[in-house]
file upload.cif (mmCIF, C-alpha atoms)
data_structure
#
loop_
_atom_site.label_atom_id
_atom_site.label_comp_id
_atom_site.auth_asym_id
_atom_site.auth_seq_id
_atom_site.Cartn_x
_atom_site.Cartn_y
_atom_site.Cartn_z
CA MET A 1 18.73 0.90 29.04
CA GLU A 2 15.97 3.46 28.51
CA GLN A 3 15.23 4.52 24.94
CA LYS A 4 14.77 8.18 24.17
CA SER A 5 11.28 9.03 22.90
CA ALA A 6 10.80 10.69 19.55
CA SER A 7 10.00 14.39 19.37
CA MET A 8 6.35 15.20 18.73
CA LEU A 9 6.90 18.27 16.55
CA THR A 10 7.79 16.78 13.18
CA PRO A 11 5.26 13.92 13.25
CA ALA A 12 2.52 16.26 14.51
CA VAL A 13 3.15 18.69 11.68
CA ILE A 14 3.18 15.84 9.14
CA TYR A 15 -0.05 14.27 10.39
CA ALA A 16 -1.78 17.63 10.80
CA GLY A 17 -0.77 18.51 7.25
CA ILE A 18 -2.27 15.27 5.95
CA ILE A 19 -5.51 15.82 7.87
CA VAL A 20 -5.80 19.45 6.74
CA GLY A 21 -5.05 18.43 3.15
CA ILE A 22 -7.91 15.91 3.27
CA ILE A 23 -10.21 18.54 4.80
CA ILE A 24 -9.34 21.06 2.07
CA VAL A 25 -9.96 18.54 -0.72
CA HIS A 26 -13.22 17.51 0.96
CA THR A 27 -14.29 21.17 1.25
CA ILE A 28 -13.64 21.79 -2.44
CA ILE A 29 -15.58 18.67 -3.46
CA ILE A 30 -18.48 19.62 -1.15
CA ASP A 31 -18.53 23.11 -2.64
CA ILE A 32 -18.54 21.78 -6.20
CA LEU A 33 -21.42 19.43 -5.32
CA GLU A 34 -23.19 22.29 -3.47
CA LEU A 35 -23.53 20.27 -0.27
CA ASN A 36 -22.12 22.95 2.06
CA PHE A 37 -25.11 22.99 4.41
CA SER A 38 -26.00 19.30 4.19
CA THR A 39 -26.22 16.87 7.09
CA TYR A 40 -23.51 14.81 5.44
CA ASN A 41 -21.14 17.78 5.50
CA ARG A 42 -21.84 18.46 9.19
CA ILE A 43 -21.13 14.83 10.08
CA ALA A 44 -18.02 14.67 7.86
CA GLY A 45 -16.82 17.89 9.47
CA PHE A 46 -16.44 15.97 12.73
CA VAL A 47 -15.56 12.51 11.43
CA ILE A 48 -12.65 13.49 9.17
CA PRO A 49 -10.60 15.38 11.79
CA LEU A 50 -11.44 12.91 14.54
CA ALA A 51 -10.50 9.86 12.46
CA GLY A 52 -7.37 11.75 11.42
CA ILE A 53 -6.39 12.36 15.04
CA ALA A 54 -6.82 8.67 15.88
CA TYR A 55 -4.75 7.75 12.82
CA ALA A 56 -2.09 10.28 13.86
CA ILE A 57 -1.80 8.81 17.37
CA TYR A 58 -1.60 5.31 15.93
CA GLY A 59 0.99 6.37 13.34
CA PHE A 60 3.06 8.22 15.94
CA ARG A 61 3.05 5.14 18.17
CA LYS A 62 3.97 2.79 15.34
CA GLU A 63 6.43 4.86 13.29
CA TYR A 64 8.14 7.00 15.92
CA ASN A 65 7.88 5.07 19.20
CA GLN A 66 8.60 1.42 18.36
CA ASN A 67 4.85 0.67 18.63
CA VAL A 68 4.83 1.67 22.32
CA ILE A 69 3.15 4.75 23.80
CA ASN A 70 1.75 5.52 27.22
CA TYR A 71 -1.59 7.24 27.78
CA GLN A 72 -0.14 10.66 28.64
CA ARG A 73 2.10 10.80 25.58
CA ALA A 74 -0.70 9.60 23.28
CA LEU A 75 -3.04 12.21 24.75
CA GLY A 76 -0.45 14.98 24.47
CA PHE A 77 0.27 14.08 20.86
CA GLY A 78 -3.44 13.94 20.02
CA VAL A 79 -4.08 17.35 21.58
CA PHE A 80 -1.07 18.84 19.78
CA VAL A 81 -2.28 17.48 16.43
CA SER A 82 -5.80 18.74 17.27
CA PHE A 83 -4.45 22.22 17.90
CA LEU A 84 -2.47 22.29 14.64
CA VAL A 85 -5.45 20.98 12.64
CA ALA A 86 -7.75 23.49 14.37
CA LEU A 87 -5.46 26.42 13.66
CA LEU A 88 -4.87 25.51 10.02
CA THR A 89 -8.48 24.62 9.22
CA SER A 90 -9.77 27.76 10.94
CA ALA A 91 -7.38 29.89 8.90
CA PHE A 92 -8.43 28.05 5.74
CA SER A 93 -12.11 28.47 6.66
CA ALA A 94 -11.69 32.23 7.11
CA LEU A 95 -9.77 32.51 3.84
CA TYR A 96 -12.28 30.35 2.01
CA SER A 97 -15.33 32.13 3.42
CA TYR A 98 -14.07 35.63 2.77
CA TYR A 99 -12.05 35.38 -0.42
CA ILE A 100 -12.75 32.16 -2.30
CA ASN A 101 -16.49 31.65 -1.74
CA PRO A 102 -17.91 34.68 0.10
CA GLU A 103 -21.50 33.85 -0.83
CA LEU A 104 -21.38 31.00 1.72
CA LEU A 105 -21.54 33.53 4.56
CA GLU A 106 -24.54 35.23 2.97
CA ILE A 107 -26.31 31.92 2.42
CA GLY A 108 -25.65 31.03 6.07
CA ARG A 109 -27.06 34.37 7.21
CA GLN A 110 -30.18 33.88 5.09
CA MET A 111 -30.71 30.38 6.45
CA ALA A 112 -30.37 31.61 10.04
CA GLU A 113 -32.83 34.41 9.38
CA GLU A 114 -35.32 32.00 7.81
CA ARG A 115 -35.10 29.66 10.82
CA MET A 116 -35.83 32.56 13.17
CA ILE A 117 -38.79 33.68 11.05
CA GLU A 118 -40.15 30.12 11.01
CA SER A 119 -39.82 29.88 14.79
CA GLY A 120 -41.98 33.00 15.17
CA ARG A 121 -39.34 35.47 16.36
CA SER A 122 -40.15 39.16 16.16
CA ALA A 123 -38.60 41.35 13.45
CA GLU A 124 -36.75 43.36 16.12
CA PHE A 125 -35.27 40.18 17.65
CA ILE A 126 -34.21 38.92 14.22
CA GLU A 127 -32.54 42.21 13.35
CA LYS A 128 -30.55 42.26 16.61
CA ALA A 129 -29.59 38.61 16.22
CA MET A 130 -28.35 39.19 12.68
CA GLU A 131 -26.28 42.17 13.85
CA GLN A 132 -24.72 39.99 16.56
CA GLN A 133 -24.06 37.19 14.09
CA ALA A 134 -22.26 39.61 11.74
CA LYS A 135 -19.93 40.65 14.59
CA PHE A 136 -18.88 37.02 15.05
CA GLN A 137 -18.19 36.36 11.38
CA THR A 138 -14.97 38.32 10.98
CA PRO A 139 -11.87 36.41 9.82
CA VAL A 140 -10.06 36.97 13.13
CA PHE A 141 -13.05 35.75 15.12
CA ILE A 142 -13.43 32.71 12.87
CA ILE A 143 -9.76 31.81 13.35
CA ILE A 144 -9.70 32.33 17.13
CA TRP A 145 -12.96 30.62 18.02
CA GLY A 146 -12.59 27.96 15.34
CA THR A 147 -9.21 27.07 16.81
CA VAL A 148 -10.51 27.03 20.38
CA PHE A 149 -13.67 25.03 19.60
CA THR A 150 -11.97 22.51 17.32
CA THR A 151 -9.10 22.01 19.79
CA LEU A 152 -11.59 21.32 22.58
CA ILE A 153 -13.46 18.79 20.46
CA GLY A 154 -10.14 17.24 19.42
CA THR A 155 -9.04 17.05 23.05
CA VAL A 156 -12.15 15.11 24.00
CA PHE A 157 -11.59 12.71 21.14
CA SER A 158 -7.88 12.46 22.00
CA LEU A 159 -8.85 11.36 25.52
CA ILE A 160 -10.81 8.48 24.03
CA ALA A 161 -8.33 7.64 21.28
CA ALA A 162 -5.37 7.69 23.68
CA SER A 163 -7.10 5.24 26.03
CA VAL A 164 -7.75 2.87 23.12
CA LEU A 165 -4.40 3.27 21.34
CA LYS A 166 -2.00 3.31 24.30
CA ARG A 167 0.42 0.44 24.39
CA GLU A 168 2.69 0.16 27.40
CA GLN A 169 6.11 -1.41 27.07
CA LYS A 170 6.27 -4.82 28.64
CA GLU A 171 9.02 -5.25 31.19
CA PRO A 172 11.24 -8.07 29.93
CA PHE A 173 12.63 -8.99 33.35
CA THR A 174 9.45 -9.25 35.42
CA ASP A 175 7.42 -12.34 36.13
CA PRO A 176 3.78 -11.70 35.08
CA GLU A 177 2.54 -14.02 37.86
CA GLN A 178 4.10 -11.85 40.61
CA ASN A 179 1.74 -8.92 39.90
#
call {"tool": "encode", "arguments": {"input": "upload.cif", "output": "structure tokens"}}
result
Amino acid sequence: MEQKSASMLTPAVIYAGIIVGIIIVHTIIIDILELNFSTYNRIAGFVIPLAGIAYAIYGFRKEYNQNVINYQRALGFGVFVSFLVALLTSAFSALYSYYINPELLEIGRQMAEERMIESGRSAEFIEKAMEQQAKFQTPVFIIIWGTVFTTLIGTVFSLIAASVLKREQKEPFTDPEQN
């Protein structure tokens, strides 16, 4: 008799909420320690969501699917969690950057300008580049492109995690030597 698989919605929301909660706490700690533009923060910005997605796939397999999940279902769940995390973290990022700590955007602009000056760019080029950068730093743009980019990165990681975490159900009535 075939068992019905668990729905992905509730577990995906739960795991995405946990991951986003960790990201928010991490962001606040990083801001307090003034490590916003550090190498550590850039690395952690990838590691935390990616480890969270792997944990979510594992948890979904173990808690909701009797410790059995095929590659397609694991991948689909990972991508769904990636999308939810991407959407929520992008919205948080826009809110945080515009209303909680707006000086971060200005610091980022100054750092970008300094890098262009150091690389020998002309004043005209720098001015045009800064105008372009300002167009892409609106809350709506941050949410849309943050969601797209983070979902794509999460999808790539979900491909890997699903291949590692899949666990096919063993057929109880087949002879393993006949295959």
call {"tool": "resolve_selection", "arguments": {"input": "upload.cif", "expression": "the PyMOL selection byres ((chain A and resi 56) around 8)", "output": "count of residues only"}}
result
13
call {"tool": "residues_around", "arguments": {"input": "upload.cif", "residues": "A:Val156", "least_positions_apart": "6", "cutoff": "10 Å", "atoms": "only C-alpha atoms", "output": "PyMOL selection string"}}
result
chain A and resi 50+75+78-79+82+150
call {"tool": "closest_atom_pairs", "arguments": {"input": "upload.cif", "of": "stretch 65-90 of chain A", "to": "stretch 140-146 of chain A", "cutoff": "10 Å", "atoms": "only C-alpha atoms", "output": "JSON lines"}}
result
{"residue": "A:Ala86", "atom": "CA", "partner": "A:Gly146", "partner_atom": "CA", "distance": 6.7}
{"residue": "A:Leu87", "atom": "CA", "partner": "A:Ile143", "partner_atom": "CA", "distance": 6.9}
{"residue": "A:Leu88", "atom": "CA", "partner": "A:Ile143", "partner_atom": "CA", "distance": 8.6}
{"residue": "A:Thr89", "atom": "CA", "partner": "A:Gly146", "partner_atom": "CA", "distance": 8.1}
{"residue": "A:Ser90", "atom": "CA", "partner": "A:Ile143", "partner_atom": "CA", "distance": 4.7}
call {"tool": "closest_residue", "arguments": {"input": "upload.cif", "among": "A:Ile22, A:Val148, A:Val164, A:Ile32", "to": "A:Asn101", "atoms": "all atoms listed in the file"}}
result
A:Ile32
call {"tool": "atom_distance", "arguments": {"input": "upload.cif", "atom1": "atom CA of A:Ile18", "atom2": "atom CA of A:Ala51"}}
result
11.8 Å
